[in-house]
Structures are given as structure tokens and as C-alpha cells.
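What follows is one structure encoded as C-alpha cells, with my remarks underneath.
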Amino acid sequence: MKAAFGVRAVLILIGFTAAIAQIVLLRELMVVFYGNESSIGLMLGSWLFWTAAGSSLAGRFAARARQPRRLMAGIQVLIAAILPWTILAVRAAKGVLQTVPGEVLGPGPLLLTAFAALAPLCVLSGALFTAGSKVYAATATASAGDATGSVYLWEAVGSSGGGVVAGLLLIRYLNSLEIAGLLAVLNLLAASALAIAARRLRCAAMGALVGLAVLAGSCGWPRRLEAISQERFWRGQHLIATRNSLYGNLAVVGTEGSRSVYENGVVLFNVPDPAAAEEAVHYALLEHPSPRSLLLIGGGLNGSIAQALRHPTLERVDYVELDPVILDLAREYFPIEWLALRADPRVRVHVTDGRLFLKTTQSTFDVVIVNLPEPLNAQLNRFYTVEFFREVSRKLTPTGLVSFQLRSSEDYISAELGQFLRSIYQSLRTVFPEVIAIPGETVHFFAARQAGTLASGADELLARLHARNLQTSYVSEYYIPFRMTPERMADLNTQMRPGPGGAKVTPVNRDFAPVAYYFDMALWSSQFNQGYRRLFRTMAGVDFGVMVATFGVVLAALVVGGRFFTEKRYRLQLAAGFCTAATGFTMIGLEMLLLLGFQAVYGYVYQQLALLIAAFMGGMALGTWLGMRRPAHGGMRVLGITQVLAAAAPLVLLGVFEAVGRAGSTSSLAASRIAFPALALVSGMLGGYEFPVASRMVPRPGTLYALDLAGSCLGAILFSVWLVPVFGFLKMALLSAMVSLAAMAMTMLEGSATDPAE
């Protein structure tokens, strides 16, 4: 009993360290490749692919090992040694792949780096599952199927705790190499517990490991190595400071008399940057005849707030910044801008999510400026959707307006750029009766709650500029008429309007159909290679009906093809394996739906999201435990019922999110505190319950685990890169349901048998 308890503790530790390692490495890859959900999907797909390969291929070797405890310990020693080097390899990839410092890297290098750098660690992680199953079977005298389910259970318990600890503690206070060092020590302690039988010798080895870790930490070598690797990562630029926050990696970099702040490799703002500071606020405030209240969401630390306060009628500025570490960096490295922000009593700083602030504030505003980067990911995309614009409209005064700017081109608007801008324009038109856009290197959008509010043209803006006695350099008598010439305004409007003379109808951007960040991704990719441009055009042009028909034919062929196995035990194994892969595919989609639905309805509160992920993983652990306790008979029937529930789950979730989103702000927030964690728990239970049932039918634990990961890998790539941004969550849910129903059909053909022995 004590031996089995010790193995369970080791398995929990394996899940704990694996979850933290995944979070750290995905954050590192995001810094190198400016991660959005699509790039994260490719990274996660690489992780799952190699883990599946390790479980299937290396796992076969692990299953034949004569001393599985020592093999398991050896794998953990290798993982402890490889993790820090994987982090350094990811950082070094930027210098290897860039031809010049500062060059933006495209999708090809991203996939190549993730695929190559993650392979050793993930193959070992997959092999560890099979070795752990054999150790548990021998220690607890359990069957192979029960041992597989137990390993899945205890790793899920560890993963749930690891996600919370990493999200709330480790990444806040430690850098990546320090976290890697901590994980290495934990893996080595687990290896000692497995490999050393003598209690005194085992305790001595563990004590020595802890002592060496404390000594290494006190000498500061992880921080020195971190500093050296960061300097090499930012080669060609002067790295002033770097910090980890809950939301990403922040870096302050100096170049030729200016300083820039980067988040996950993407520049947030530059100081000094008078052009950006003036353009961010003056155009919007000049569009209003007499602005008294301003809400600025993001981007207030480059001097834009100081520029806004020059408008004599302005009485109050509410500045919302999500990440408190950005404010800490401003206080330390941008003292002039920080003093201007804090010295004026009209300015109120709110450290919260901008969308959450809009939901909860009782104030109304004459002008709302969204001064955030373009919608390059789903988190930023939330500030450019129809639902967000409706929230803004409810908080505007009768003559209020909203403004933001997006990248464009002075002379030529490509097809990808036109599609991107058109989607945002049409989304605004869905909510606001009056929308105009000013062309230039950045397009400034303005939308008013009432028609006739916005300025009639350049002359009216210039008259207000002079009346307010504003001495500006970039929003001035020369630049305003130049940007607003009738020809340029008409050309931009033609590009963005559907119908005769314009482009074809473009879908609007919504919370659950985030098409704008797909268009932005296509625009970003098109600058690297014409092949990417053709690929994204093809993906966007696929008809949903054709896709459904294709999916149906492939799934039907798979279901019918399984009947060609003459031996029933092979058909049972195929059905159980297909159900496991289908569940992995569906669970990734459910997790994405939960996270993005929570963001849209509740706002991006990181602690809440960490608890949401923990609830999902905890649900998987609880579901696995319940699945292991059920009687052995009727396995096929149980798998079929589970697949029916999996088919319905995303549609039910989507309906709940829509209902909560339509409710009032107070009730939405109250309901989400209970509903979202509960939904995450139930969704996780659904995936966890099936695995131990299927494990009793598939004799090789590594194969079943590999199929689970392979389904998750396929789902991570398809959902993030294609299905969600192009077709939206409803159509994604329908396709996911098709996969689950096909797996259900296969179980029905096999009746209610339990395992190959029947």
C-alpha cells in the first residue's frame, strides 16, 4: 500500500511539472513568434504530436523494460537535464533564423522551431506515461487497463495543480530558467524516490539534491544565465529590463535615444513618440464638439494622456491598463511620462480589463478611445467585435463617439488589408448609425451614437484645433487636410463598403466568430511568402457545406471500414481507440470555447482563468476516478453514451454563453462566477470518464494515450488556425459533433461488449 501511495505521489508530481513546463515553453515561443491563438495552436500541436509519438513508439520500448522503475527514473533525469536547454534553444532560434536584428519571423520558422525544439522533451514525456503505467501495474497489482486509467487520473490531478501554481505564483516571481531549475529538482527527487530502494540512502540523496539546489540558487547562476541569454535574444538592441507578468513577458529596450516596451515580442509603445501620442487622441477629441470625459483603454504611457489633457474642456480622463507590471515599468523607466500621468487630478488610473471596466462602471463618456494593438489574437480581438461596440454604445453620452486606429497603407490597400479593414468597418456599422474612417499609414475609425455627431470634414477639425489653441506637430494644419482629401476618403470608403463598386460582403467580427484576427493573421503571413497568401485565401474560401460533406464521407468510410476486421477484438479496439481520439479532439474545442467565452462575457481576469483551467483538469481527474469505479460490463454502450454527450456539449456551452452575454452586466458577472467553473468541471469530467473505460479494451496503454493526444493535436491545429476564426464557434461545434457521432455509430455497431475477451 505504501509503495502504491509513493508511485501515485510521483505520478502527481509528473503531471505537475509537465503542466508548468508546457506553460513556460509556450510563453517562450510566444515571445519569439509574437503569439496569437493560431501560432499557439501550432505550438501546442507540435507538443501533442511529439508526446503522442513518444507514448506510441518509445512507449513500446518502455513497456518491455525489465526494470520499469529505473527506466522511469532515468527518463525523469533526462527531462530534468533537457528542459533548461530547450528554453535556451527556443531563444537561440530567433538569432539563427533572423537575417537582420528585429526581423519579423513568419509561420514557417515558427513551426520549424516548435517542431524541432520540443521533440526531445515531449518524446520523453510520452514515454514516461507508458513506463508509469507499467510501474503502477506492478506496484498496485492492477490490470494493464486499470493501471493506464490510474496514471491518467493522477497525472490530471498534478496538471490541475501545476496550472494554478504556474499561473498565480511561479511566472509572477521567477524567470523561466529559475522555474526550469525548480522543475529539474522536483524531477530528480522523484527519480530518487523511484530508483533508490534503501530508505536511508534515498533520504540522503534527496537531501543532497535540495542542498545543491539551494546552493545554486544562492549563488545566483540561474539569474546570470537568464541575463546572458536575454542579452543574446535582444542582440542589436540595448536590453534595459525584462519582467514576467501574469499576461506575458515584458521587455524595455533602448535604441538610438528612445525606449520601447515589448510584450511577448510585440511592441506596445515607444518613448518619445510624439506622432503616435498626438494621433492617438487628438483626432478623436477633435471629432467631438466639446469633450468633457474621456475613457482611454490602453496605450496611455507614450505621452497620449498628456496630449489629451491639453483640450481645455476635458474634465475627466479614465485610463484603463490591464497589466500592473506595465505601470511599474513606466514608474521606473519613464519617469517624465509617469509624472504627467499621476500629477493631474483629472486622471484616474484603473488596473483592470477594459471590457470588464465598461461592464461595471456607472459613468458615461463623451469619447472612448481604444488605444490597443490590432486584433492579432482573441484577447485583443474582443475590443473590435460587435458585442464590444454595443457595450461601448451603452456607456456613451448622447453625443458620444468611439475611436481607434489600425494599420494600413498610404498608397495601396491589398486584398488582405482590405478584407481586414472591411470586417471592422462593417462591425461598427452594425451598431453605430454614423461611421467614418480617415486614411493614412494608420486608418482612424470613428463611430458616433447619433447620426450627425461627427465633424463634416477637415475644415471643421481645423476650426476646432484653432479654437482650442492646440499647438501640435502631427495633427496640424498640414496633415489634417492631406489625410482627408476627398479623393483619399472616397477611395477608402469604396474599399470598405460592399456592393456595386466595392468589395464583396465580408462577415462582421463577433465574440464567437472572431474573423478579424484571422484576417489579421492572413495579412501578417502574406508579407513573408506568396504561398502563405494563397493558403489563407484558399482556407477562407472553403464552403462550409462542402467541408461538412467531406467530413461526413471520411468519417463514414472510417466507420464502415472498421467492419472489415474479421476478429471482434480488433473491431472493439478500433472503436475504443476512435472514441478516445474523438474525445481528445472534442475536449480541445471545449477548452477553447470555455476560455474565449469567459473572456468575452466576463473580461480577462487572469486569476479566474487559471481557476477555470484548474476546474477543467480537476473535472478530468474526477471523471477518470468515476470511470475507474464503474463495473467492467457494457463498455461499448458507455462509450457510445459518452460520445453523444460530447457531441451535445459544445452546442450547450455556446447556448449558455449567449444567454449569459445577453443578460445585464450585474447578472452576467454573478452568473459567470458560478456557471463557468461549473461548466469547466463538467466538461472535464466528460473527457476523463471515457479514458479508463476505453483503456480496458486496448491492451497497449501507450497506444491509447497516443490516440488521445493525436486527437487533441488535430483539434488544436484545426480549431485555432482555421475552424474558429473562419467559421465561428457554432459551425466548429457542429463539425465537432459530427466526429463524436461517428464514434458513437462505431460503438453501436459493436453492441455492448466490454473488452476483447468477450
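Chain identifiers are assigned as A, B, and so on, following the order in which chains appear in the C-alpha cells; residues are numbered from 1 within each chain, and ligands are numbered from 1 in order of appearance.
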
Q | Close residues, Ala621 of chain A itself excluded, 12 Å, only C-alpha atoms, min 2 positions apart in chain, as a ChimeraX atom specification | A | /A:12,15,149-161,614-619,623-628,681-692

Q) What's the 6 Å shell around segment 272-279 of chain A, counting only C-alpha atoms, without same-chain residues fewer than 5 positions away, as a VMD selection string? A) chain A and resid 258 303 to 304 474

Filtering to N, CA, C and O atoms, could you give me those residues as a compact mmCIF listing (two decimals), in the first residue's frame?
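Here's the written file result.txt:
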```txt
# COMPACT_ATOMS: atom_id res chain seq x y z
N SER A 258 15.71 56.46 -27.86
CA SER A 258 14.33 56.17 -27.50
C SER A 258 14.27 54.83 -26.76
O SER A 258 15.22 54.04 -26.80
N GLY A 303 2.75 59.32 -23.75
CA GLY A 303 2.51 60.75 -23.83
C GLY A 303 1.14 61.12 -24.33
O GLY A 303 0.80 62.30 -24.41
N SER A 304 0.31 60.14 -24.67
CA SER A 304 -1.01 60.44 -25.23
C SER A 304 -1.93 61.09 -24.20
O SER A 304 -2.74 61.96 -24.55
N TYR A 474 1.86 66.98 -35.52
CA TYR A 474 1.49 65.90 -36.43
C TYR A 474 -0.01 65.85 -36.71
O TYR A 474 -0.43 65.25 -37.70
```

Taking the DSSP secondary structure from the backbone, can you list the residues of segment 227-309 of chain A that are helix (DSSP H, G or I), as an mmCIF file with all heavy atoms, in the first residue's frame?
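Once everything was written out, this is selection16.cif:
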```cif
data_model
loop_
_atom_site.group_PDB
_atom_site.id
_atom_site.type_symbol
_atom_site.label_atom_id
_atom_site.label_comp_id
_atom_site.auth_asym_id
_atom_site.auth_seq_id
_atom_site.Cartn_x
_atom_site.Cartn_y
_atom_site.Cartn_z
ATOM 1 N N ALA A 227 20.171 36.386 -17.665
ATOM 2 C CA ALA A 227 20.588 37.688 -18.189
ATOM 3 C C ALA A 227 21.397 37.538 -19.473
ATOM 4 O O ALA A 227 21.210 38.289 -20.442
ATOM 5 C CB ALA A 227 21.401 38.427 -17.124
ATOM 6 N N ILE A 228 22.308 36.553 -19.502
ATOM 7 C CA ILE A 228 23.134 36.335 -20.695
ATOM 8 C C ILE A 228 22.271 35.939 -21.886
ATOM 9 O O ILE A 228 22.423 36.459 -23.000
ATOM 10 C CB ILE A 228 24.203 35.260 -20.408
ATOM 11 C CG1 ILE A 228 25.206 35.771 -19.371
ATOM 12 C CG2 ILE A 228 24.926 34.865 -21.703
ATOM 13 C CD1 ILE A 228 26.158 34.701 -18.872
ATOM 14 N N SER A 229 21.343 35.018 -21.671
ATOM 15 C CA SER A 229 20.503 34.552 -22.784
ATOM 16 C C SER A 229 19.569 35.653 -23.273
ATOM 17 O O SER A 229 19.299 35.759 -24.471
ATOM 18 C CB SER A 229 19.698 33.320 -22.358
ATOM 19 O OG SER A 229 18.768 33.642 -21.347
ATOM 20 N N GLN A 230 19.071 36.500 -22.364
ATOM 21 C CA GLN A 230 18.211 37.607 -22.781
ATOM 22 C C GLN A 230 18.991 38.642 -23.590
ATOM 23 O O GLN A 230 18.471 39.208 -24.567
ATOM 24 C CB GLN A 230 17.561 38.273 -21.555
ATOM 25 C CG GLN A 230 16.489 37.440 -20.876
ATOM 26 C CD GLN A 230 15.201 37.380 -21.671
ATOM 27 O OE1 GLN A 230 15.081 37.965 -22.746
ATOM 28 N NE2 GLN A 230 14.231 36.644 -21.167
ATOM 29 N N GLU A 231 20.227 38.896 -23.196
ATOM 30 C CA GLU A 231 21.054 39.832 -23.967
ATOM 31 C C GLU A 231 21.282 39.322 -25.384
ATOM 32 O O GLU A 231 21.227 40.084 -26.354
ATOM 33 C CB GLU A 231 22.405 40.038 -23.261
ATOM 34 C CG GLU A 231 22.333 40.856 -21.979
ATOM 35 C CD GLU A 231 22.131 42.334 -22.247
ATOM 36 O OE1 GLU A 231 22.210 42.754 -23.417
ATOM 37 O OE2 GLU A 231 21.890 43.079 -21.273
ATOM 38 N N ARG A 232 21.516 38.029 -25.512
ATOM 39 C CA ARG A 232 21.717 37.458 -26.841
ATOM 40 C C ARG A 232 20.412 37.445 -27.629
ATOM 41 O O ARG A 232 20.412 37.614 -28.853
ATOM 42 C CB ARG A 232 22.279 36.037 -26.726
ATOM 43 C CG ARG A 232 23.704 35.986 -26.187
ATOM 44 C CD ARG A 232 24.223 34.550 -26.151
ATOM 45 N NE ARG A 232 24.293 33.974 -27.485
ATOM 46 C CZ ARG A 232 25.302 34.121 -28.325
ATOM 47 N NH1 ARG A 232 26.353 34.852 -27.963
ATOM 48 N NH2 ARG A 232 25.290 33.552 -29.509
ATOM 49 N N PHE A 233 19.299 37.264 -26.935
ATOM 50 C CA PHE A 233 18.000 37.259 -27.603
ATOM 51 C C PHE A 233 17.706 38.624 -28.220
ATOM 52 O O PHE A 233 17.157 38.718 -29.319
ATOM 53 C CB PHE A 233 16.913 36.882 -26.589
ATOM 54 C CG PHE A 233 15.523 36.847 -27.171
ATOM 55 C CD1 PHE A 233 15.083 35.739 -27.860
ATOM 56 C CD2 PHE A 233 14.664 37.924 -27.028
ATOM 57 C CE1 PHE A 233 13.804 35.694 -28.400
ATOM 58 C CE2 PHE A 233 13.385 37.893 -27.555
ATOM 59 C CZ PHE A 233 12.957 36.773 -28.238
ATOM 60 N N PRO A 274 6.185 61.381 -30.392
ATOM 61 C CA PRO A 274 5.163 62.434 -30.408
ATOM 62 C C PRO A 274 4.085 62.217 -31.467
ATOM 63 O O PRO A 274 2.929 62.565 -31.243
ATOM 64 C CB PRO A 274 5.967 63.708 -30.667
ATOM 65 C CG PRO A 274 7.255 63.241 -31.288
ATOM 66 C CD PRO A 274 7.524 61.912 -30.675
ATOM 67 N N ALA A 275 4.460 61.628 -32.602
ATOM 68 C CA ALA A 275 3.456 61.399 -33.644
ATOM 69 C C ALA A 275 2.374 60.434 -33.162
ATOM 70 O O ALA A 275 1.173 60.691 -33.314
ATOM 71 C CB ALA A 275 4.127 60.868 -34.904
ATOM 72 N N ALA A 276 2.796 59.326 -32.579
ATOM 73 C CA ALA A 276 1.816 58.354 -32.080
ATOM 74 C C ALA A 276 0.998 58.934 -30.940
ATOM 75 O O ALA A 276 -0.216 58.691 -30.846
ATOM 76 C CB ALA A 276 2.534 57.085 -31.621
ATOM 77 N N ALA A 277 1.644 59.705 -30.050
ATOM 78 C CA ALA A 277 0.923 60.293 -28.922
ATOM 79 C C ALA A 277 -0.144 61.270 -29.391
ATOM 80 O O ALA A 277 -1.278 61.265 -28.887
ATOM 81 C CB ALA A 277 1.906 60.989 -27.986
ATOM 82 N N GLU A 278 0.184 62.110 -30.355
ATOM 83 C CA GLU A 278 -0.789 63.083 -30.850
ATOM 84 C C GLU A 278 -1.925 62.403 -31.606
ATOM 85 O O GLU A 278 -3.106 62.687 -31.394
ATOM 86 C CB GLU A 278 -0.101 64.101 -31.763
ATOM 87 C CG GLU A 278 0.791 65.090 -31.021
ATOM 88 C CD GLU A 278 1.308 66.180 -31.944
ATOM 89 O OE1 GLU A 278 0.775 66.298 -33.075
ATOM 90 O OE2 GLU A 278 2.227 66.909 -31.545
ATOM 91 N N GLU A 279 -1.573 61.491 -32.524
ATOM 92 C CA GLU A 279 -2.602 60.870 -33.353
ATOM 93 C C GLU A 279 -3.537 59.981 -32.543
ATOM 94 O O GLU A 279 -4.700 59.804 -32.900
ATOM 95 C CB GLU A 279 -1.952 60.068 -34.472
ATOM 96 C CG GLU A 279 -1.242 60.934 -35.510
ATOM 97 C CD GLU A 279 -0.739 60.130 -36.695
ATOM 98 O OE1 GLU A 279 -0.939 58.897 -36.684
ATOM 99 O OE2 GLU A 279 -0.169 60.726 -37.617
ATOM 100 N N ALA A 280 -3.041 59.413 -31.439
ATOM 101 C CA ALA A 280 -3.868 58.514 -30.642
ATOM 102 C C ALA A 280 -5.088 59.207 -30.069
ATOM 103 O O ALA A 280 -6.146 58.587 -29.915
ATOM 104 C CB ALA A 280 -3.039 57.895 -29.519
ATOM 105 N N VAL A 281 -4.964 60.515 -29.727
ATOM 106 C CA VAL A 281 -6.060 61.175 -29.005
ATOM 107 C C VAL A 281 -6.640 62.390 -29.723
ATOM 108 O O VAL A 281 -7.848 62.655 -29.608
ATOM 109 C CB VAL A 281 -5.595 61.595 -27.591
ATOM 110 C CG1 VAL A 281 -5.245 60.375 -26.756
ATOM 111 C CG2 VAL A 281 -4.404 62.550 -27.660
ATOM 112 N N HIS A 282 -5.832 63.175 -30.440
ATOM 113 C CA HIS A 282 -6.325 64.462 -30.947
ATOM 114 C C HIS A 282 -7.413 64.298 -31.995
ATOM 115 O O HIS A 282 -8.411 65.034 -31.976
ATOM 116 C CB HIS A 282 -5.167 65.289 -31.505
ATOM 117 C CG HIS A 282 -4.315 65.914 -30.434
ATOM 118 N ND1 HIS A 282 -4.854 66.551 -29.342
ATOM 119 C CD2 HIS A 282 -2.967 66.005 -30.303
ATOM 120 C CE1 HIS A 282 -3.874 67.005 -28.576
ATOM 121 N NE2 HIS A 282 -2.720 66.679 -29.135
ATOM 122 N N TYR A 283 -7.257 63.347 -32.922
ATOM 123 C CA TYR A 283 -8.298 63.177 -33.938
ATOM 124 C C TYR A 283 -9.644 62.862 -33.282
ATOM 125 O O TYR A 283 -10.689 63.417 -33.654
ATOM 126 C CB TYR A 283 -7.921 62.066 -34.916
ATOM 127 C CG TYR A 283 -6.958 62.492 -36.000
ATOM 128 C CD1 TYR A 283 -5.654 62.025 -36.025
ATOM 129 C CD2 TYR A 283 -7.369 63.365 -37.005
ATOM 130 C CE1 TYR A 283 -4.770 62.418 -37.022
ATOM 131 C CE2 TYR A 283 -6.503 63.756 -38.005
ATOM 132 C CZ TYR A 283 -5.197 63.288 -38.008
ATOM 133 O OH TYR A 283 -4.330 63.685 -38.993
ATOM 134 N N ALA A 284 -9.631 61.941 -32.304
ATOM 135 C CA ALA A 284 -10.886 61.554 -31.655
ATOM 136 C C ALA A 284 -11.497 62.712 -30.880
ATOM 137 O O ALA A 284 -12.713 62.957 -30.954
ATOM 138 C CB ALA A 284 -10.634 60.371 -30.727
ATOM 139 N N LEU A 285 -10.675 63.445 -30.120
ATOM 140 C CA LEU A 285 -11.205 64.543 -29.315
ATOM 141 C C LEU A 285 -11.658 65.708 -30.185
ATOM 142 O O LEU A 285 -12.611 66.422 -29.838
ATOM 143 C CB LEU A 285 -10.149 64.999 -28.312
ATOM 144 C CG LEU A 285 -9.836 63.978 -27.205
ATOM 145 C CD1 LEU A 285 -8.626 64.419 -26.393
ATOM 146 C CD2 LEU A 285 -11.042 63.783 -26.287
ATOM 147 N N LEU A 286 -11.015 65.915 -31.331
ATOM 148 C CA LEU A 286 -11.462 66.969 -32.248
ATOM 149 C C LEU A 286 -12.775 66.607 -32.931
ATOM 150 O O LEU A 286 -13.531 67.495 -33.345
ATOM 151 C CB LEU A 286 -10.384 67.244 -33.302
ATOM 152 C CG LEU A 286 -9.112 67.947 -32.809
ATOM 153 C CD1 LEU A 286 -8.064 67.976 -33.908
ATOM 154 C CD2 LEU A 286 -9.426 69.364 -32.330
ATOM 155 N N GLU A 287 -13.067 65.324 -33.068
ATOM 156 C CA GLU A 287 -14.334 64.913 -33.665
ATOM 157 C C GLU A 287 -15.524 65.272 -32.775
ATOM 158 O O GLU A 287 -16.647 65.368 -33.251
ATOM 159 C CB GLU A 287 -14.336 63.402 -33.928
ATOM 160 C CG GLU A 287 -13.504 62.964 -35.119
ATOM 161 C CD GLU A 287 -14.169 63.306 -36.453
ATOM 162 O OE1 GLU A 287 -15.363 63.663 -36.447
ATOM 163 O OE2 GLU A 287 -13.491 63.213 -37.495
ATOM 164 N N SER A 304 0.310 60.141 -24.668
ATOM 165 C CA SER A 304 -1.005 60.443 -25.227
ATOM 166 C C SER A 304 -1.925 61.091 -24.198
ATOM 167 O O SER A 304 -2.743 61.959 -24.549
ATOM 168 C CB SER A 304 -1.644 59.174 -25.794
ATOM 169 O OG SER A 304 -1.717 58.165 -24.811
ATOM 170 N N ILE A 305 -1.822 60.711 -22.928
ATOM 171 C CA ILE A 305 -2.675 61.327 -21.907
ATOM 172 C C ILE A 305 -2.310 62.790 -21.722
ATOM 173 O O ILE A 305 -3.188 63.662 -21.599
ATOM 174 C CB ILE A 305 -2.581 60.547 -20.580
ATOM 175 C CG1 ILE A 305 -3.274 59.198 -20.728
ATOM 176 C CG2 ILE A 305 -3.198 61.345 -19.431
ATOM 177 C CD1 ILE A 305 -3.270 58.359 -19.482
ATOM 178 N N ALA A 306 -1.015 63.088 -21.718
ATOM 179 C CA ALA A 306 -0.590 64.490 -21.614
ATOM 180 C C ALA A 306 -1.119 65.306 -22.787
ATOM 181 O O ALA A 306 -1.524 66.466 -22.625
ATOM 182 C CB ALA A 306 0.934 64.565 -21.551
ATOM 183 N N GLN A 307 -1.151 64.705 -23.970
ATOM 184 C CA GLN A 307 -1.703 65.395 -25.132
ATOM 185 C C GLN A 307 -3.209 65.615 -24.963
ATOM 186 O O GLN A 307 -3.739 66.683 -25.283
ATOM 187 C CB GLN A 307 -1.430 64.579 -26.401
ATOM 188 C CG GLN A 307 0.023 64.523 -26.825
ATOM 189 C CD GLN A 307 0.525 65.863 -27.336
ATOM 190 O OE1 GLN A 307 -0.242 66.682 -27.848
ATOM 191 N NE2 GLN A 307 1.824 66.094 -27.187
ATOM 192 N N ALA A 308 -3.915 64.609 -24.463
ATOM 193 C CA ALA A 308 -5.361 64.732 -24.294
ATOM 194 C C ALA A 308 -5.715 65.835 -23.301
ATOM 195 O O ALA A 308 -6.696 66.576 -23.496
ATOM 196 C CB ALA A 308 -5.944 63.396 -23.828
#
```

Q. Quick one: of A:Leu174, A:Val7, A:Val123, A:Ala193, who's nearest to Asn249 of chain A, counting only C-alpha atoms?
A.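 For Asn249 of chain A, the nearest of the given residues is A:Leu174.
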
Q | Counting only C-alpha atoms, the residue of A:Pro335, A:Gly655, A:Pro514, A:Pro650 that sits nearest Ser423 of chain A | A |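 Using only C-alpha atoms, the shortest distance to Ser423 of chain A belongs to A:Pro514.
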
Select from segment 295-410 of chain A every residue with an atom at most 7 Å from any atom of segment 427-434 of chain A, then for each give the shortest pair of atoms and their distance in Å to one decimal, using only C-alpha atoms, rows by chain and rising number, as JSON lines.
```
{"residue": "A:Thr385", "atom": "CA", "partner": "A:Ser427", "partner_atom": "CA", "distance": 6.5}
{"residue": "A:Val386", "atom": "CA", "partner": "A:Ser427", "partner_atom": "CA", "distance": 5.4}
{"residue": "A:Phe389", "atom": "CA", "partner": "A:Val431", "partner_atom": "CA", "distance": 6.6}
{"residue": "A:Arg390", "atom": "CA", "partner": "A:Val431", "partner_atom": "CA", "distance": 6.2}
```

Q: Can you work out the spacing between atom CA of Met732 of chain A and atom CA of Leu118 of chain A in Å, to one decimal?
A: 28.2 Å

Q: Name the residues in contact with Leu709 of chain A at a cut-off of 7 Å, using only C-alpha atoms, excluding same-chain residues fewer than 2 positions from it; report them as a PyMOL selection string.
A: chain A and resi 48+52+584+705-707+711-713

Output N, CA and C atoms for every residue in that selection, as a compact mmCIF listing (two decimals), in the first residue's frame.
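Saved file result-v9.txt follows:
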```
# COMPACT_ATOMS: atom_id res chain seq x y z
N LEU A 48 1.82 18.17 -28.66
CA LEU A 48 0.99 16.98 -28.58
C LEU A 48 1.45 15.90 -29.57
N ALA A 52 2.59 12.29 -28.31
CA ALA A 52 1.92 11.10 -28.83
C ALA A 52 2.93 10.13 -29.43
N GLY A 584 -10.47 13.38 -27.46
CA GLY A 584 -9.36 14.34 -27.40
C GLY A 584 -9.60 15.52 -28.32
N TYR A 705 -3.07 6.29 -25.12
CA TYR A 705 -2.69 7.65 -24.75
C TYR A 705 -2.25 8.44 -25.97
N ALA A 706 -1.55 7.78 -26.90
CA ALA A 706 -1.12 8.45 -28.13
C ALA A 706 -2.32 8.86 -28.97
N LEU A 707 -3.35 8.01 -29.04
CA LEU A 707 -4.55 8.36 -29.79
C LEU A 707 -5.27 9.55 -29.16
N GLY A 711 -5.71 13.05 -31.29
CA GLY A 711 -6.96 13.77 -31.49
C GLY A 711 -6.89 15.19 -30.99
N SER A 712 -6.25 15.39 -29.83
CA SER A 712 -6.06 16.74 -29.30
C SER A 712 -5.18 17.58 -30.20
N CYS A 713 -4.13 16.96 -30.76
CA CYS A 713 -3.23 17.67 -31.67
C CYS A 713 -3.98 18.16 -32.90
```

Q: Go through A:Gly181, A:Asp318, A:Tyr173, A:Leu57 and flag the residue nearest Ile82 of chain A, using only C-alpha atoms for the distances.
A: A:Gly181

Q. In terms of the shortest atom-to-atom distance over only C-alpha atoms, which of A:Leu492, A:Ile424, A:Met539, A:Ala745 is closest to Trp722 of chain A?
A. A:Met539
